[in-house]
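Novice: Mind looking over this structure? Questions follow.
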Amino acid sequence: MTGLGTAAVHGDDGLVPGAAVAPPIVQSATFSAESDERFTEIATESRGSAFYTRYGNPNHAQVAAVVAALEGAETGLVTASGMGAISTVALALLRAGDHVVVQRSTYGGTTSLATGLLPRFGVAYTQVDQTDTAAFAGALRPQTRLVLVETPSNPLLELTDLAAVVELAHAAGALVVVDNTFATPVNQRPTAVGADLVWHSGTKFLGGHSDVSAGVVVGSAALIERVWRTAIVTGATLGPVDAWLLLRGIRTLPLRVERHNANALALARALEGHPAVARVRYPGLASHPQHALARRQMTGFGGVLGVELRGGRAGATALLGGLRLAKRAASLGSVSTLVVHPRSMWAGIVDAGQLAAAGISDGLVRVSTGIEDTADLVADFLAAADLAVDVG
Ligand SMILES: *Cc1c(COP(=O)(O)O)cnc(C)c1O
């Protein structure tokens with residue numbers, strides 16, 4: 001096993017056709033074969049790159065190999081979005097009568113999948129407080145097939161004890177599927193403690209430049225084969241250009257994440273104790289209730305933090321209005337710092353009661369630090385926070 005920087009650059013060695021140093025974009029929906037016999041071969045090859053792009057493409061294979069290398073997994077598969085990855089995993093591995101365990105604090109799309117879509121196909125669910133490992137134990141049933149984990153979670157930065165949950169789930173005969181979008185393999189390797197599948201919104205840190213929507217899932221060849229068989233039916237196919245852009249982003253992932261980590265920690269420390277701020281949620285702060293767990297299972301604490309303003313909604317508005325470098329935008333994991341007021345972003349999608357029950361307060365601002373200079377970013381946020389003092 002090489003280091004992560006080397007894996008990001010060389011994880012696809014041998015999969016790049018020709019002599020070009022940068023992989024060519026194979027913008028072809030279909031591929032020719034010299035004989036009918038050869039055609040039968042390529043059409044049945046699992047995740048092959050020479051039949052039809054929905055089945056596989058050289059640009060897909062390169063990304064999958066690199067992410068598998070970064071995550072320490074056997075192999076992988078790319079999809080058109082992160083949701084394309086998790087919905088394909090669910091449809092591949094679940095059937096009517098099964099049960100899934102899902103966290104109460106998790107990406108909204110994952111909540112919708114588990115609590116909205118899957119029940120229509122006869123799959124039951126239980127939502128748990130991820131900070132309470134015993135809650136996972138209590139939720140597991142003989143019918144439980146999948147435990148859907150996300151740590152740190154979006155947007156509350158709550159942690160799941162990966163090793164403990166994997167042990168419980170495996171003892172109950174369930175597979176553990178980890179959303180590693182927030183941490184990235186640079187900060188956290190779920191396969192090292194036995195997670196069965198790891199997936200990403202490639203749209204976020206992996207791509208890293210807010211210019212591509214993509215998803216990736218990695219795991220054992222046997223599981224990925226099952227996911228692929230479903231993926232060719234669900235058809236969430238990533239375009240070759242987008243696969244190329246994703247790979248281009250991943251090449252610098254270890255470098256970028258170092259800066260994201262440093263910026264988020266500096267911002268968290270600078271804002272904690274500011275008179276406008278009630279609380280900073282960041283696993284790297286000693287004040288995070290699960291800081292000890294963060295130190296145990298993460299090597300860096302990620303680029304995302306939550307800032308809760310004393311002034312509630314008005315305080316959040318003042319902070320957001322005062323920022324010069326940060327852009328108000330959905331998504332995260334970009335070279336540019338992105339900020340969002342989760343309560344407003346999800347107001348039209350999830351009802352206010354559910355948002356409050358999930359712990360998303362009116363004063364919460366989610367900050368995804370970019371790779372700007374740390375001092376500039378800290379100065380921008382401190383100036384904006386000054387505007388939020390005594391507001392609300
Ligand atoms: C954005 C996000 C997703 C969904 O990914 P898409 O690429 O938008 O489909 C899933 N999980 C987390 C943690 C995310 O932030």
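Residue names in the structure tokens use chain letters A, B, ... in the order shown, residue numbers from 1 in each chain, and ligand numbers from 1 in the order shown.
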Output as a PyMOL selection string all residues of region 211-382 of chain A that backbone DSSP marks as helix (DSSP H, G or I).

Specialist: chain A and resi 221-234+240-250+253-271+291-297+312-322+342-345+352-357+374-382

Novice: Any idea what's packed within 12 Å of Phe39 (chain A), counting only C-alpha atoms, ignoring anything in its chain fewer than 5 positions away? Could you give it as a tab-separated table (two decimals) with all heavy atoms, in the first residue's frame?

Specialist:
```tsv
chain	number	residue	atom	x	y	z
A	30	THR	N	-20.56	3.95	-27.26
A	30	THR	CA	-20.48	2.53	-27.62
A	30	THR	C	-19.09	2.21	-28.19
A	30	THR	O	-18.32	3.11	-28.52
A	30	THR	CB	-21.61	2.17	-28.61
A	30	THR	OG1	-21.64	0.75	-28.79
A	30	THR	CG2	-21.46	2.87	-29.95
A	31	PHE	N	-18.77	0.92	-28.26
A	31	PHE	CA	-17.43	0.48	-28.67
A	31	PHE	C	-17.58	-0.65	-29.69
A	31	PHE	O	-18.50	-1.46	-29.59
A	31	PHE	CB	-16.64	-0.01	-27.45
A	31	PHE	CG	-16.42	1.08	-26.42
A	31	PHE	CD1	-17.41	1.39	-25.48
A	31	PHE	CD2	-15.24	1.82	-26.39
A	31	PHE	CE1	-17.23	2.41	-24.54
A	31	PHE	CE2	-15.05	2.84	-25.46
A	31	PHE	CZ	-16.04	3.13	-24.54
A	32	SER	N	-16.68	-0.70	-30.64
A	32	SER	CA	-16.78	-1.72	-31.69
A	32	SER	C	-15.95	-2.95	-31.33
A	32	SER	O	-15.02	-2.86	-30.52
A	32	SER	CB	-16.30	-1.15	-33.02
A	32	SER	OG	-14.92	-0.84	-32.94
A	33	ALA	N	-16.31	-4.08	-31.92
A	33	ALA	CA	-15.54	-5.32	-31.72
A	33	ALA	C	-15.29	-5.95	-33.08
A	33	ALA	O	-16.09	-5.79	-34.01
A	33	ALA	CB	-16.31	-6.28	-30.84
A	34	GLU	N	-14.16	-6.68	-33.19
A	34	GLU	CA	-13.77	-7.20	-34.52
A	34	GLU	C	-14.54	-8.45	-34.92
A	34	GLU	O	-14.58	-8.80	-36.09
A	34	GLU	CB	-12.24	-7.43	-34.58
A	34	GLU	CG	-11.68	-8.44	-33.59
A	34	GLU	CD	-11.39	-7.83	-32.20
A	34	GLU	OE1	-11.87	-6.71	-31.91
A	34	GLU	OE2	-10.71	-8.49	-31.42
A	44	THR	N	-20.35	-9.15	-21.75
A	44	THR	CA	-20.62	-9.86	-20.49
A	44	THR	C	-19.54	-9.61	-19.44
A	44	THR	O	-19.63	-10.11	-18.33
A	44	THR	CB	-20.76	-11.38	-20.74
A	44	THR	OG1	-19.62	-11.81	-21.50
A	44	THR	CG2	-22.02	-11.70	-21.51
A	45	GLU	N	-18.53	-8.82	-19.79
A	45	GLU	CA	-17.45	-8.55	-18.85
A	45	GLU	C	-17.93	-7.56	-17.79
A	45	GLU	O	-18.41	-6.48	-18.11
A	45	GLU	CB	-16.26	-7.97	-19.64
A	45	GLU	CG	-15.02	-7.76	-18.81
A	45	GLU	CD	-13.99	-6.89	-19.56
A	45	GLU	OE1	-14.19	-6.62	-20.77
A	45	GLU	OE2	-13.01	-6.47	-18.92
A	48	GLY	N	-16.71	-3.80	-17.60
A	48	GLY	CA	-15.72	-3.68	-18.67
A	48	GLY	C	-15.74	-2.27	-19.24
A	48	GLY	O	-16.66	-1.48	-18.98
A	50	ALA	N	-15.24	-1.60	-22.68
A	50	ALA	CA	-15.15	-1.68	-24.13
A	50	ALA	C	-16.44	-2.16	-24.79
A	50	ALA	O	-16.43	-2.75	-25.87
A	50	ALA	CB	-14.00	-2.62	-24.51
A	51	PHE	N	-17.57	-1.93	-24.12
A	51	PHE	CA	-18.83	-2.41	-24.70
A	51	PHE	C	-19.81	-1.26	-24.93
A	51	PHE	O	-20.12	-0.92	-26.07
A	51	PHE	CB	-19.44	-3.49	-23.77
A	51	PHE	CG	-20.85	-3.87	-24.11
A	51	PHE	CD1	-21.20	-4.31	-25.38
A	51	PHE	CD2	-21.86	-3.79	-23.14
A	51	PHE	CE1	-22.52	-4.66	-25.70
A	51	PHE	CE2	-23.17	-4.14	-23.44
A	51	PHE	CZ	-23.49	-4.57	-24.72
A	52	TYR	N	-20.24	-0.63	-23.83
A	52	TYR	CA	-21.29	0.38	-23.88
A	52	TYR	C	-21.13	1.22	-22.61
A	52	TYR	O	-20.98	0.65	-21.53
A	52	TYR	CB	-22.66	-0.31	-23.93
A	52	TYR	CG	-23.85	0.57	-24.20
A	52	TYR	CD1	-23.99	1.24	-25.42
A	52	TYR	CD2	-24.84	0.72	-23.24
A	52	TYR	CE1	-25.09	2.04	-25.66
A	52	TYR	CE2	-25.95	1.52	-23.47
A	52	TYR	CZ	-26.07	2.17	-24.69
A	52	TYR	OH	-27.17	2.96	-24.93
```

Novice: Using only C-alpha atoms, which of A:Met83, A:Ala347, A:Leu382, A:Ala330 sits nearest Ser112 (chain A)?

Specialist: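 Under the stated criterion, the closest residue is A:Met83.
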
Novice: Let me have all residues with an atom within 9 Å of ligand 1, counting only C-alpha atoms and all ligand atoms, laid out as a PyMOL selection string.

Specialist: chain A and resi 80-86+106-110+150-155+179-182+199-204+212-215+330-333

Novice: Name the closest residue to Leu377 (chain A) among the candidates A:Leu118, A:Ala183, A:Val198, A:Ala326; distances are taken between atoms, counting only C-alpha atoms.

Specialist: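 Nearest to Leu377 (chain A): A:Ala326.
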
Novice: Ranking A:Ala236, A:Ala171, A:Val26, A:Ala268 by minimum distance to Ser287 (chain A) and counting only C-alpha atoms, which one comes first?

Specialist: A:Ala268

Novice: Within region 167-276 of chain A, find each residue whose DSSP state, derived from the backbone, is strand (DSSP E), and express the selection as a list in words.

Specialist: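 Filtering region 167-276 of chain A to strand (DSSP E) leaves Leu175, Val176, Val177, Val178, Asp179, Leu197, Val198, Trp199, His200, Ser201, Gly215, Val216, Val217, Val218 and Gly219 of chain A.
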
Novice: Closest to Pro289 (chain A) among A:Val218, A:Leu387, A:Leu247, A:Leu157, using only C-alpha atoms?

Specialist: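 Checking each candidate against Pro289 (chain A), we get A:Leu157 as the closest.
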
Novice: Within 7 Å of Glu74 (chain A), counting only C-alpha atoms, which residues show up once you throw out same-chain ones fewer than 4 positions away? Write them as a list of chain:residue names, please.

Specialist: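 The filter keeps A:Ala68, A:Gly219, A:Ser220, A:Ala221.
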
Novice: Generate a file of the selected residues that holds all heavy atoms, formatted as a CSV table (one decimal), in the first residue's frame.

Specialist:
```csv
chain,number,residue,atom,x,y,z
A,68,ALA,N,-10.9,3.5,-5.0
A,68,ALA,CA,-10.7,2.2,-4.3
A,68,ALA,C,-9.3,2.2,-3.6
A,68,ALA,O,-9.2,1.8,-2.4
A,68,ALA,CB,-10.9,1.0,-5.2
A,219,GLY,N,-15.9,-1.2,-2.5
A,219,GLY,CA,-16.0,-2.3,-1.5
A,219,GLY,C,-15.4,-3.5,-2.1
A,219,GLY,O,-14.6,-3.5,-3.0
A,220,SER,N,-15.9,-4.7,-1.7
A,220,SER,CA,-15.4,-6.0,-2.2
A,220,SER,C,-15.9,-6.2,-3.6
A,220,SER,O,-16.9,-5.7,-4.0
A,220,SER,CB,-15.8,-7.1,-1.3
A,220,SER,OG,-17.2,-7.3,-1.5
A,221,ALA,N,-15.1,-7.0,-4.4
A,221,ALA,CA,-15.5,-7.3,-5.8
A,221,ALA,C,-16.9,-7.9,-5.8
A,221,ALA,O,-17.7,-7.6,-6.7
A,221,ALA,CB,-14.5,-8.1,-6.5
```

Novice: Using only C-alpha atoms for the distances, tell me which of A:Ala352, A:Ile371, A:Ala276, A:Val16 is nearest to Leu253 (chain A).

Specialist: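 Answer, going by the shortest atom-to-atom distance: A:Ile371.
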